[in-house]
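Peer 1: Pasting data19.csv here (CSV, C-alpha atoms and all ligand atoms):
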```csv
chain,number,residue,atom,x,y,z
A,1,MET,CA,-97.5,-44.1,-134.6
A,2,PRO,CA,-97.8,-47.0,-132.1
A,3,ASP,CA,-101.0,-47.7,-130.4
A,4,ILE,CA,-99.6,-49.8,-127.6
A,5,LEU,CA,-96.1,-49.0,-126.4
A,6,VAL,CA,-94.4,-51.9,-124.6
A,7,VAL,CA,-91.6,-50.7,-122.4
A,8,ALA,CA,-88.8,-53.3,-122.7
A,9,THR,CA,-85.7,-52.8,-120.5
A,10,ALA,CA,-82.3,-54.3,-120.8
A,11,PRO,CA,-80.2,-52.4,-118.2
A,12,ASP,CA,-77.2,-54.8,-118.5
A,13,GLY,CA,-77.7,-55.4,-122.2
A,14,THR,CA,-80.0,-58.5,-121.6
A,15,LEU,CA,-83.7,-58.2,-122.3
A,16,SER,CA,-85.6,-58.7,-119.0
A,17,ARG,CA,-88.0,-61.6,-118.8
A,18,SER,CA,-90.8,-59.2,-117.6
A,19,SER,CA,-90.4,-57.2,-120.8
A,20,LEU,CA,-91.4,-60.4,-122.8
A,21,GLU,CA,-94.3,-60.9,-120.4
A,22,LEU,CA,-95.6,-57.5,-121.3
A,23,ILE,CA,-95.9,-58.6,-124.9
A,24,ALA,CA,-98.5,-61.2,-123.7
A,25,GLY,CA,-100.5,-58.4,-122.2
A,26,ALA,CA,-100.2,-56.3,-125.4
A,27,HIS,CA,-101.3,-59.3,-127.6
A,28,ALA,CA,-104.4,-59.8,-125.3
A,29,ILE,CA,-105.7,-56.3,-126.2
A,30,SER,CA,-104.2,-55.4,-129.5
A,31,GLY,CA,-106.4,-57.5,-131.8
A,32,PRO,CA,-109.8,-56.8,-130.2
A,33,LEU,CA,-109.1,-53.1,-129.8
A,34,GLY,CA,-107.5,-52.7,-133.3
A,35,LEU,CA,-104.2,-51.4,-131.9
A,36,GLY,CA,-100.7,-52.0,-133.2
A,37,VAL,CA,-97.8,-52.9,-130.9
A,38,THR,CA,-94.4,-51.2,-130.8
A,39,ALA,CA,-91.7,-51.9,-128.2
A,40,VAL,CA,-89.3,-49.3,-126.9
A,41,LEU,CA,-86.1,-51.0,-125.9
A,42,LEU,CA,-84.1,-49.1,-123.3
A,43,GLY,CA,-80.6,-49.9,-122.0
A,44,THR,CA,-77.0,-49.7,-122.8
A,45,GLY,CA,-74.2,-51.9,-124.0
A,46,PRO,CA,-73.4,-54.4,-126.8
A,47,GLY,CA,-76.2,-56.7,-125.7
A,48,LEU,CA,-78.7,-54.2,-127.1
A,49,ALA,CA,-77.6,-55.2,-130.6
A,50,ASP,CA,-79.3,-58.6,-130.2
A,51,ALA,CA,-82.2,-57.7,-127.9
A,52,PRO,CA,-84.6,-56.6,-130.6
A,53,GLN,CA,-84.4,-60.1,-132.1
A,54,ALA,CA,-86.1,-61.5,-129.0
A,55,LEU,CA,-88.9,-58.9,-129.4
A,56,HIS,CA,-89.3,-59.9,-133.1
A,57,GLN,CA,-89.3,-63.5,-132.1
A,58,HIS,CA,-92.3,-62.9,-129.9
A,59,GLY,CA,-94.3,-61.1,-132.5
A,60,VAL,CA,-93.3,-57.4,-132.1
A,61,ALA,CA,-92.3,-56.1,-135.5
A,62,ARG,CA,-91.4,-52.5,-134.7
A,63,VAL,CA,-88.7,-51.8,-132.1
A,64,LEU,CA,-87.5,-48.4,-131.1
A,65,ARG,CA,-84.1,-48.7,-129.5
A,66,VAL,CA,-82.7,-46.2,-127.0
A,67,ASP,CA,-79.1,-46.9,-126.1
A,68,HIS,CA,-77.8,-44.5,-123.6
A,69,PRO,CA,-75.0,-44.9,-121.0
A,70,LEU,CA,-77.3,-43.6,-118.2
A,71,LEU,CA,-79.8,-46.4,-118.8
A,72,THR,CA,-78.3,-48.8,-116.3
A,73,ALA,CA,-79.8,-50.8,-113.4
A,74,GLY,CA,-81.8,-48.7,-111.0
A,75,GLU,CA,-81.5,-45.4,-112.8
A,76,SER,CA,-85.2,-44.8,-112.8
A,77,ASP,CA,-84.9,-41.0,-113.3
A,78,ALA,CA,-83.0,-41.7,-116.5
A,79,TYR,CA,-85.5,-44.2,-117.7
A,80,LEU,CA,-88.4,-41.8,-116.9
A,81,ARG,CA,-86.8,-39.1,-119.0
A,82,ALA,CA,-86.1,-41.5,-121.9
A,83,ILE,CA,-89.6,-43.1,-121.9
A,84,GLU,CA,-91.3,-39.7,-121.6
A,85,GLN,CA,-89.4,-38.3,-124.6
A,86,VAL,CA,-90.3,-41.4,-126.7
A,87,ALA,CA,-93.9,-41.2,-125.6
A,88,ARG,CA,-94.2,-37.6,-126.6
A,89,ILE,CA,-93.0,-38.4,-130.1
A,90,GLU,CA,-94.9,-41.6,-130.5
A,91,ARG,CA,-98.1,-40.6,-128.7
A,92,PRO,CA,-99.2,-44.1,-127.7
A,93,GLU,CA,-102.8,-44.8,-126.6
A,94,VAL,CA,-101.6,-47.5,-124.1
A,95,VAL,CA,-98.3,-47.9,-122.4
A,96,LEU,CA,-97.4,-51.2,-120.7
A,97,ILE,CA,-94.7,-51.2,-118.1
A,98,SER,CA,-93.5,-53.9,-115.8
A,99,ALA,CA,-94.3,-53.4,-112.1
A,100,ASP,CA,-90.8,-54.5,-111.2
A,101,THR,CA,-88.7,-52.6,-108.7
A,102,MET,CA,-88.0,-49.8,-111.2
A,103,GLY,CA,-91.4,-49.9,-112.9
A,104,ARG,CA,-93.1,-49.3,-109.6
A,105,ASP,CA,-91.2,-46.1,-109.3
A,106,LEU,CA,-91.8,-45.2,-113.0
A,107,ALA,CA,-95.4,-45.9,-113.8
A,108,ALA,CA,-97.2,-43.2,-111.8
A,109,ARG,CA,-94.6,-40.6,-112.6
A,110,LEU,CA,-94.9,-41.4,-116.3
A,111,ALA,CA,-98.7,-41.3,-116.2
A,112,TRP,CA,-98.7,-37.9,-114.5
A,113,ARG,CA,-96.2,-36.5,-117.0
A,114,LEU,CA,-98.3,-37.8,-119.9
A,115,GLY,CA,-101.6,-36.8,-118.4
A,116,ALA,CA,-102.6,-40.4,-118.7
A,117,ALA,CA,-104.9,-42.7,-116.8
A,118,LEU,CA,-103.1,-45.2,-114.6
A,119,VAL,CA,-103.7,-48.7,-113.2
A,120,THR,CA,-100.8,-50.3,-111.3
A,121,GLU,CA,-99.9,-53.8,-110.4
A,122,CYS,CA,-102.3,-55.5,-112.8
A,123,PHE,CA,-102.2,-59.3,-113.2
A,124,GLU,CA,-104.4,-59.6,-116.3
A,125,LEU,CA,-105.4,-57.4,-119.3
A,126,ALA,CA,-108.3,-57.9,-121.6
A,127,SER,CA,-110.6,-55.8,-123.7
A,128,GLY,CA,-114.4,-55.1,-123.6
A,129,ASP,CA,-116.6,-52.5,-125.3
A,130,GLY,CA,-113.6,-50.6,-126.6
A,131,ALA,CA,-112.0,-50.4,-123.1
A,132,VAL,CA,-108.8,-51.9,-121.7
A,133,VAL,CA,-110.0,-54.1,-118.9
A,134,ALA,CA,-107.4,-54.6,-116.2
A,135,ARG,CA,-107.6,-56.8,-113.1
A,136,ARG,CA,-105.7,-56.2,-109.9
A,137,GLN,CA,-105.9,-57.2,-106.3
A,138,VAL,CA,-107.4,-54.8,-103.8
A,139,TYR,CA,-108.1,-54.8,-100.0
A,140,GLY,CA,-104.9,-56.5,-99.1
A,141,GLY,CA,-105.4,-59.3,-101.6
A,142,ARG,CA,-108.9,-60.2,-100.4
A,143,ALA,CA,-110.7,-59.0,-103.5
A,144,VAL,CA,-110.0,-58.4,-107.2
A,145,ALA,CA,-111.0,-55.2,-108.9
A,146,THR,CA,-111.9,-55.3,-112.6
A,147,MET,CA,-111.3,-51.8,-114.1
A,148,ALA,CA,-112.5,-50.9,-117.6
A,149,VAL,CA,-110.3,-48.0,-118.7
A,150,THR,CA,-111.8,-45.9,-121.6
A,151,ARG,CA,-109.5,-42.9,-121.2
A,152,ARG,CA,-106.5,-42.6,-123.5
A,153,PRO,CA,-103.6,-42.4,-123.1
A,154,ALA,CA,-103.5,-45.0,-120.3
A,155,VAL,CA,-100.5,-46.5,-118.5
A,156,PHE,CA,-100.7,-50.0,-117.0
A,157,SER,CA,-98.1,-51.6,-114.8
A,158,MET,CA,-98.1,-55.4,-114.9
A,159,LYS,CA,-97.0,-57.5,-111.9
A,160,PRO,CA,-94.0,-59.6,-113.0
A,161,ARG,CA,-94.6,-63.3,-113.3
A,162,SER,CA,-98.4,-62.8,-113.6
A,163,LEU,CA,-98.3,-63.3,-117.3
A,164,ASP,CA,-96.5,-66.1,-119.1
A,165,VAL,CA,-93.9,-65.2,-121.7
A,166,PRO,CA,-95.8,-65.7,-125.0
A,167,ALA,CA,-94.8,-68.7,-127.2
A,168,PRO,CA,-92.5,-67.6,-130.1
A,169,SER,CA,-94.3,-66.2,-133.1
A,170,PRO,CA,-91.5,-64.7,-135.2
A,171,VAL,CA,-92.1,-61.7,-137.4
A,172,SER,CA,-89.7,-59.9,-139.6
A,173,GLY,CA,-89.2,-56.5,-138.0
A,174,THR,CA,-87.6,-53.1,-138.0
A,175,VAL,CA,-85.3,-51.4,-135.4
A,176,GLU,CA,-85.2,-47.7,-135.2
A,177,ASP,CA,-82.5,-46.1,-133.1
A,178,LEU,CA,-83.7,-43.1,-131.2
A,179,ALA,CA,-81.5,-40.5,-129.5
A,180,VAL,CA,-82.7,-39.0,-126.2
A,181,GLU,CA,-81.5,-35.9,-124.6
A,182,MET,CA,-80.2,-36.5,-121.2
A,183,ASP,CA,-77.4,-35.1,-119.2
A,184,PRO,CA,-76.2,-36.7,-115.9
A,185,GLY,CA,-76.4,-33.2,-114.3
A,186,ASP,CA,-80.2,-33.0,-115.1
A,187,LEU,CA,-81.1,-36.1,-113.1
A,188,PRO,CA,-82.3,-35.5,-109.5
A,189,THR,CA,-80.9,-38.9,-108.3
A,190,ARG,CA,-78.1,-41.2,-109.4
A,191,VAL,CA,-77.4,-44.8,-108.4
A,192,ARG,CA,-73.9,-45.0,-106.9
A,193,GLN,CA,-73.7,-48.8,-106.3
A,194,VAL,CA,-75.8,-51.8,-107.0
A,195,LEU,CA,-75.5,-54.7,-104.5
A,196,ARG,CA,-76.7,-58.2,-105.3
A,197,GLU,CA,-78.3,-59.8,-102.3
A,198,GLN,CA,-78.6,-63.3,-103.7
A,199,SER,CA,-75.7,-63.8,-106.0
A,200,ASP,CA,-76.5,-67.2,-107.6
A,201,VAL,CA,-80.2,-67.4,-108.4
A,202,GLY,CA,-82.6,-64.5,-108.5
A,203,LEU,CA,-85.9,-65.0,-106.5
A,204,GLU,CA,-88.2,-64.3,-109.4
A,205,ASP,CA,-86.3,-66.6,-111.8
A,206,ALA,CA,-85.6,-69.5,-109.4
A,207,GLN,CA,-87.3,-72.8,-110.1
A,208,VAL,CA,-87.1,-73.6,-106.4
A,209,VAL,CA,-87.9,-71.1,-103.7
A,210,ILE,CA,-87.7,-71.8,-100.0
A,211,GLY,CA,-89.9,-69.2,-98.2
A,212,GLY,CA,-89.4,-68.5,-94.5
A,213,GLY,CA,-91.9,-66.8,-92.2
A,214,ARG,CA,-92.2,-65.5,-88.7
A,215,GLY,CA,-92.0,-69.1,-87.5
A,216,MET,CA,-88.3,-69.1,-88.3
A,217,GLY,CA,-87.8,-67.1,-85.1
A,218,GLY,CA,-84.9,-65.0,-86.4
A,219,PRO,CA,-82.2,-64.6,-88.9
A,220,GLU,CA,-80.5,-67.9,-87.8
A,221,GLY,CA,-83.4,-69.9,-89.1
A,222,PHE,CA,-82.9,-68.3,-92.5
A,223,ALA,CA,-79.3,-69.5,-92.6
A,224,GLN,CA,-80.7,-73.1,-92.6
A,225,LEU,CA,-83.1,-72.2,-95.4
A,226,GLY,CA,-80.2,-70.7,-97.4
A,227,GLU,CA,-78.4,-74.1,-97.1
A,228,LEU,CA,-81.6,-75.9,-98.2
A,229,ALA,CA,-82.0,-73.5,-101.1
A,230,SER,CA,-78.5,-73.9,-102.3
A,231,ALA,CA,-78.6,-77.7,-102.0
A,232,LEU,CA,-81.6,-77.5,-104.4
A,233,GLY,CA,-80.2,-74.8,-106.6
A,234,GLY,CA,-82.9,-72.3,-105.5
A,235,ALA,CA,-83.4,-69.0,-103.8
A,236,VAL,CA,-84.8,-67.9,-100.4
A,237,GLY,CA,-87.9,-65.8,-100.1
A,238,ALA,CA,-89.8,-64.6,-97.0
A,239,SER,CA,-93.2,-63.5,-95.8
A,240,ARG,CA,-93.6,-59.9,-94.6
A,241,PRO,CA,-92.7,-60.2,-90.9
A,242,PRO,CA,-89.1,-61.4,-91.4
A,243,ALA,CA,-88.6,-58.6,-94.0
A,244,ASP,CA,-90.2,-56.0,-91.7
A,245,SER,CA,-88.1,-57.2,-88.7
A,246,GLY,CA,-84.8,-57.0,-90.7
A,247,TRP,CA,-84.1,-60.7,-90.5
A,248,VAL,CA,-83.8,-60.7,-94.3
A,249,PRO,CA,-83.6,-58.0,-97.0
A,250,LEU,CA,-86.9,-56.3,-97.9
A,251,SER,CA,-86.4,-57.5,-101.5
A,252,TRP,CA,-86.9,-61.1,-100.3
A,253,GLN,CA,-90.6,-60.4,-99.5
A,254,VAL,CA,-93.0,-62.4,-101.4
A,255,GLY,CA,-96.7,-61.6,-101.6
A,256,GLN,CA,-99.1,-58.9,-102.4
A,257,THR,CA,-96.8,-56.1,-101.5
A,258,GLY,CA,-93.7,-58.1,-102.4
A,259,LYS,CA,-92.7,-60.2,-105.3
A,260,THR,CA,-94.9,-62.6,-107.3
A,261,ILE,CA,-93.1,-65.9,-108.0
A,262,ARG,CA,-94.1,-68.9,-110.0
A,263,PRO,CA,-91.4,-71.5,-109.3
A,264,ALA,CA,-91.8,-75.2,-110.0
A,265,LEU,CA,-91.4,-75.8,-106.2
A,266,TYR,CA,-92.3,-73.4,-103.4
A,267,VAL,CA,-91.5,-74.6,-99.8
A,268,ALA,CA,-93.2,-72.5,-97.2
A,269,VAL,CA,-91.5,-72.9,-93.8
A,270,GLY,CA,-93.1,-71.3,-90.7
A,271,ILE,CA,-95.5,-69.4,-92.8
A,272,SER,CA,-99.2,-69.3,-91.8
A,273,GLY,CA,-100.6,-68.7,-95.3
A,274,ALA,CA,-102.2,-65.3,-95.1
A,275,THR,CA,-104.0,-64.2,-98.3
A,276,GLN,CA,-101.5,-61.5,-98.8
A,277,HIS,CA,-98.7,-64.0,-98.8
A,278,VAL,CA,-100.5,-66.6,-100.9
A,279,ALA,CA,-101.3,-64.0,-103.5
A,280,GLY,CA,-97.6,-64.0,-104.5
A,281,VAL,CA,-97.0,-67.7,-104.5
A,282,SER,CA,-100.3,-69.3,-105.8
A,283,GLY,CA,-98.9,-69.7,-109.3
A,284,SER,CA,-96.2,-72.1,-108.0
A,285,ARG,CA,-96.5,-75.5,-109.6
A,286,MET,CA,-96.0,-77.4,-106.3
A,287,ILE,CA,-96.4,-75.9,-102.8
A,288,VAL,CA,-95.0,-77.8,-99.8
A,289,ALA,CA,-95.7,-76.4,-96.3
A,290,ILE,CA,-93.8,-77.1,-93.1
A,291,ASN,CA,-95.7,-75.7,-90.1
A,292,ARG,CA,-96.2,-77.0,-86.6
A,293,ASP,CA,-99.8,-75.8,-86.5
A,294,PRO,CA,-102.1,-78.4,-88.3
A,295,GLU,CA,-104.8,-75.7,-88.6
A,296,ALA,CA,-102.5,-73.2,-90.4
A,297,PRO,CA,-104.3,-71.9,-93.6
A,298,ILE,CA,-101.2,-72.6,-95.7
A,299,PHE,CA,-102.2,-76.3,-95.6
A,300,SER,CA,-105.3,-75.5,-97.6
A,301,VAL,CA,-103.2,-74.3,-100.6
A,302,ALA,CA,-100.3,-76.7,-100.2
A,303,HIS,CA,-100.0,-79.8,-102.3
A,304,LEU,CA,-98.0,-81.5,-99.6
A,305,GLY,CA,-98.0,-80.6,-95.9
A,306,ILE,CA,-95.6,-81.5,-93.1
A,307,VAL,CA,-96.9,-80.8,-89.6
A,308,ALA,CA,-93.7,-80.4,-87.6
A,309,ASP,CA,-91.3,-78.0,-86.1
A,310,PHE,CA,-89.0,-76.9,-88.9
A,311,ARG,CA,-86.0,-77.6,-86.8
A,312,GLU,CA,-86.8,-81.3,-86.9
A,313,ILE,CA,-87.4,-81.4,-90.7
A,314,VAL,CA,-85.0,-78.9,-92.4
A,315,PRO,CA,-81.6,-80.3,-91.2
A,316,PRO,CA,-82.3,-84.0,-92.1
A,317,LEU,CA,-83.8,-82.8,-95.4
A,318,ILE,CA,-80.6,-80.9,-96.3
A,319,ALA,CA,-78.5,-83.9,-95.3
A,320,LYS,CA,-80.7,-86.2,-97.5
A,321,ILE,CA,-80.6,-83.9,-100.5
A,322,LYS,CA,-76.9,-83.5,-100.3
A,323,GLU,CA,-76.5,-87.3,-100.0
A,324,LEU,CA,-78.7,-87.9,-103.0
A,325,LYS,CA,-76.9,-85.2,-105.1
A,326,GLY,CA,-73.5,-86.4,-103.9
A,327,LEU,CA,-72.7,-82.9,-102.5
B,401,LIG,C1,-101.9,-54.5,-97.1
B,401,LIG,C2,-101.1,-55.7,-96.7
B,401,LIG,C3,-100.2,-56.2,-97.5
B,401,LIG,C4,-99.4,-57.3,-97.1
B,401,LIG,N1,-98.5,-57.8,-97.9
B,401,LIG,C5,-97.9,-59.0,-97.6
B,401,LIG,C6,-97.0,-59.6,-98.5
B,401,LIG,O1,-96.6,-59.1,-99.6
B,401,LIG,N2,-96.4,-60.8,-98.1
B,401,LIG,C7,-96.6,-61.4,-96.9
B,401,LIG,O2,-96.1,-62.4,-96.6
B,401,LIG,N3,-97.5,-60.8,-96.0
B,401,LIG,C8,-98.1,-59.6,-96.3
B,401,LIG,N4,-98.9,-59.0,-95.4
B,401,LIG,C9,-99.0,-59.6,-94.1
B,401,LIG,C10,-99.9,-60.8,-93.9
B,401,LIG,O3,-101.2,-60.3,-93.7
B,401,LIG,C11,-99.5,-61.7,-92.8
B,401,LIG,O4,-99.4,-60.9,-91.6
B,401,LIG,C12,-98.1,-62.3,-93.0
B,401,LIG,O5,-98.1,-63.0,-94.3
B,401,LIG,C13,-97.9,-63.4,-91.9
B,401,LIG,O6,-96.6,-63.9,-92.0
B,401,LIG,P1,-96.2,-65.3,-91.5
B,401,LIG,O7,-97.0,-66.3,-92.0
B,401,LIG,O8,-94.7,-65.4,-91.6
B,401,LIG,O9,-96.4,-65.1,-89.9
B,401,LIG,P2,-97.5,-65.7,-88.9
B,401,LIG,O10,-98.9,-65.4,-89.5
B,401,LIG,O11,-97.2,-65.2,-87.6
B,401,LIG,O12,-97.3,-67.2,-89.0
B,401,LIG,C14,-96.2,-67.9,-88.5
B,401,LIG,C15,-96.4,-69.4,-88.7
B,401,LIG,O13,-95.2,-70.1,-88.3
B,401,LIG,C16,-95.6,-71.3,-87.7
B,401,LIG,N5,-94.5,-71.6,-86.8
B,401,LIG,C17,-94.0,-71.0,-85.7
B,401,LIG,N6,-92.9,-71.6,-85.2
B,401,LIG,C18,-92.7,-72.7,-86.0
B,401,LIG,C19,-91.7,-73.7,-86.1
B,401,LIG,N7,-90.7,-73.8,-85.1
B,401,LIG,N8,-91.8,-74.6,-87.0
B,401,LIG,C20,-92.8,-74.6,-88.0
B,401,LIG,N9,-93.8,-73.7,-88.0
B,401,LIG,C21,-93.7,-72.7,-87.0
B,401,LIG,C22,-96.9,-70.9,-86.9
B,401,LIG,O14,-97.7,-72.0,-86.6
B,401,LIG,C23,-97.6,-69.9,-87.8
B,401,LIG,O15,-98.5,-70.6,-88.7
B,401,LIG,C24,-99.7,-57.9,-95.8
B,401,LIG,C25,-100.7,-57.4,-95.0
B,401,LIG,C26,-101.4,-56.3,-95.4
B,401,LIG,C27,-102.4,-55.7,-94.5
```
Is it possible to express this structure as structure tokens?
Ligand SMILES: Cc1cc2nc3c(=O)[nH]c(=O)nc-3n(C[C@H](O)[C@H](O)[C@H](O)COP(=O)(O)OP(=O)(O)OC[C@H]3O[C@@H](n4cnc5c(N)ncnc54)[C@H](O)[C@@H]3O)c2cc1C

Peer 2:
Amino acid sequence: MPDILVVATAPDGTLSRSSLELIAGAHAISGPLGLGVTAVLLGTGPGLADAPQALHQHGVARVLRVDHPLLTAGESDAYLRAIEQVARIERPEVVLISADTMGRDLAARLAWRLGAALVTECFELASGDGAVVARRQVYGGRAVATMAVTRRPAVFSMKPRSLDVPAPSPVSGTVEDLAVEMDPGDLPTRVRQVLREQSDVGLEDAQVVIGGGRGMGGPEGFAQLGELASALGGAVGASRPPADSGWVPLSWQVGQTGKTIRPALYVAVGISGATQHVAGVSGSRMIVAINRDPEAPIFSVAHLGIVADFREIVPPLIAKIKELKGL
């Protein structure tokens, strides 16, 4: 019987990075609380054959594999059914799930079905006095709540990119194949089409992210940022106003209610630096801000600041990068 169940997903046959991040969370609490760690690996396709190796490599010995054709990208109802069935058999004390797009949909529903306690969007897990101690942002990112959860079972959803993938610590392990009962007709919703908005580099995995804010003035400004991002092999993100205004897809939003990113370089263009935005980018190794207001709060978190209208900076920057890269 597992004590901590890590929900690892591989919708296209490749283990997601956020699944490996969950192992770091499991390791943080398993020793002090005397709990074992098991991963349930869900997905479909030939890639699932190798995915358990990555879990073993990062110290998880026992892997339960559920390979089902309905476990594809976005099919959260299918994932919910599968995880619930596994949890009812395994009866974990703690379930860790990524607060990615699908996990945000799943965590609360799973907790309700299991009669479990729930803390969502955590960025840190620890232990204390027999409790799982989870930290998450509250009040729009202005404060951090520390919650000691004594009730079991408990479900914790972890914000992607808030934990590092643990260093490899290989163990020899087992893989158990589990069958789940699921009929397409039973599912209340089905995904008919998955559209990729940024084809080349995903926002959360990009090493360079160019973020645009309200100061871009409209979708045209984002076309320039797209050009800058592709010259640097990166992706474009946004603050909330451009996403709310429909200048960019909602999935580009970075921050407290958007994605958390930790690129090597984050360039904030026309972004004031509200706490809710900074909450999603503060883990970036280098932050460069371009803003025409010298008093903009973004300059207090930026490593390098350029006080200027972006229209004067971005085009020559693109030209220079292309020249240097011979593009
Ligand atoms: C509960 C809650 C959750 C939230 N979650 C998020 C979140 O996840 N992500 C997020 O981003 N926000 C979030 N917000 C909103 C947040 O509070 C701010 O309103 C938002 O981040 C501001 O976006 P901005 O910096 O693009 O716009 P503004 O604050 O309007 O700043 C625009 C900046 O552009 C500069 N500028 C204007 N024109 C130019 C130009 N031509 N060249 C250069 N600079 C220029 C201006 O000087 C200004 O600093 C949330 C708010 C709440 C209450």

Peer 1: Excluding Val165 (chain A) and any residue of its chain fewer than 4 positions from it, enumerate the residues within 9 Å of it, using all atoms listed in the file, and give them as a ChimeraX atom specification.

Peer 2: /A:17-24,58,161

Peer 1: For Glu227 (chain A), find every residue with an atom within 12 Å (counting all atoms listed in the file), except residues of its own chain fewer than 3 positions away, and show them as number ranges by chain.

Peer 2: A: 209-210, 220-224, 230-236, 314-319, 321-322, 327

Peer 1: Need to verify the contact set: Ala264 (chain A), 12 Å, all atoms listed in the file, exclusion of same-chain residues closer than 2 positions in sequence. Can you return it as a PDB file with C-alpha atoms, keeping the file's coordinate frame?

Peer 2:
```
ATOM      1  CA  GLU A 204     -88.200 -64.300-109.400  1.00  0.00           C
ATOM      2  CA  ASP A 205     -86.300 -66.600-111.800  1.00  0.00           C
ATOM      3  CA  ALA A 206     -85.600 -69.500-109.400  1.00  0.00           C
ATOM      4  CA  GLN A 207     -87.300 -72.800-110.100  1.00  0.00           C
ATOM      5  CA  VAL A 208     -87.100 -73.600-106.400  1.00  0.00           C
ATOM      6  CA  VAL A 209     -87.900 -71.100-103.700  1.00  0.00           C
ATOM      7  CA  ILE A 210     -87.700 -71.800-100.000  1.00  0.00           C
ATOM      8  CA  LEU A 232     -81.600 -77.500-104.400  1.00  0.00           C
ATOM      9  CA  GLY A 234     -82.900 -72.300-105.500  1.00  0.00           C
ATOM     10  CA  ILE A 261     -93.100 -65.900-108.000  1.00  0.00           C
ATOM     11  CA  ARG A 262     -94.100 -68.900-110.000  1.00  0.00           C
ATOM     12  CA  TYR A 266     -92.300 -73.400-103.400  1.00  0.00           C
ATOM     13  CA  VAL A 267     -91.500 -74.600 -99.800  1.00  0.00           C
ATOM     14  CA  VAL A 281     -97.000 -67.700-104.500  1.00  0.00           C
ATOM     15  CA  SER A 282    -100.300 -69.300-105.800  1.00  0.00           C
ATOM     16  CA  GLY A 283     -98.900 -69.700-109.300  1.00  0.00           C
ATOM     17  CA  SER A 284     -96.200 -72.100-108.000  1.00  0.00           C
ATOM     18  CA  ARG A 285     -96.500 -75.500-109.600  1.00  0.00           C
ATOM     19  CA  MET A 286     -96.000 -77.400-106.300  1.00  0.00           C
ATOM     20  CA  ILE A 287     -96.400 -75.900-102.800  1.00  0.00           C
ATOM     21  CA  VAL A 288     -95.000 -77.800 -99.800  1.00  0.00           C
TER      22      VAL A 288
END
```

Peer 1: Would you mind reading off the distance between CA of Leu64 (chain A) and CA of Ser98 (chain A), one decimal, in Å?

Peer 2: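 Result for CA of Leu64 (chain A) versus CA of Ser98 (chain A): 17.3 Å, one decimal.
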
Peer 1: Between CA of Val175 (chain A) and CA of Ser127 (chain A), what is the distance, to one decimal in Å?

Peer 2: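 CA of Val175 (chain A) sits 28.2 Å away from CA of Ser127 (chain A).
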
Peer 1: To one decimal in Å, tell me the separation between atom C4 of ligand LIG 401 (chain B) and CA of Ala108 (chain A).

Peer 2: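 Those two atoms sit 20.5 Å apart.
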
Peer 1: How close does chain A get to ligand LIG 401 (chain B)? List, as CSV, each residue of chain A within 6 Å, its nearest atom pair and the distance in Å to one decimal, counting all atoms listed in the file.

Peer 2:
```
residue,atom,partner,partner_atom,distance
A:Gly140,CA,B:LIG401,C1,4.1
A:Gly213,CA,B:LIG401,O8,3.2
A:Arg214,CA,B:LIG401,O8,3.8
A:Gly215,CA,B:LIG401,C17,3.3
A:Ser239,CA,B:LIG401,O2,3.2
A:Arg240,CA,B:LIG401,O2,4.1
A:Pro241,CA,B:LIG401,O6,5.5
A:Gln253,CA,B:LIG401,N2,6.0
A:Val254,CA,B:LIG401,N2,5.0
A:Gly255,CA,B:LIG401,O1,3.2
A:Gln256,CA,B:LIG401,O1,3.8
A:Thr257,CA,B:LIG401,O1,3.6
A:Gly258,CA,B:LIG401,O1,4.2
A:Gly270,CA,B:LIG401,O13,3.4
A:Ile271,CA,B:LIG401,O7,3.5
A:Ser272,CA,B:LIG401,O15,3.4
A:Gly273,CA,B:LIG401,O7,5.4
A:Ala274,CA,B:LIG401,O5,4.8
A:Gln276,CA,B:LIG401,C5,4.5
A:His277,CA,B:LIG401,O2,3.8
A:Ile290,CA,B:LIG401,C20,5.8
A:Asn291,CA,B:LIG401,N9,3.5
A:Arg292,CA,B:LIG401,N9,4.3
A:Asp293,CA,B:LIG401,O14,4.3
A:Ala296,CA,B:LIG401,O15,5.1
A:Ala308,CA,B:LIG401,C20,5.9
A:Asp309,CA,B:LIG401,N8,3.6
A:Phe310,CA,B:LIG401,N8,4.1
```

Peer 1: Around the point (-76.7, -59.7, -126.9) (coordinates from the file), which residues reach within 12 Å if we count all atoms listed in the file? Answer as number ranges by chain.

Peer 2: A: 10-16, 43-54

Peer 1: Closest to Leu41 (chain A) among A:Val194, A:Ala99, A:Glu93, A:Thr9, using all atoms listed in the file?

Peer 2: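 Using all atoms listed in the file, the shortest distance to Leu41 (chain A) belongs to A:Thr9.
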
Peer 1: Which of these residues is nearest to Arg136 (chain A), using only C-alpha atoms: A:Cys122, A:Val149, A:Ile29, A:Ala111?

Peer 2: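 Smallest distance to Arg136 (chain A) is found for A:Cys122.
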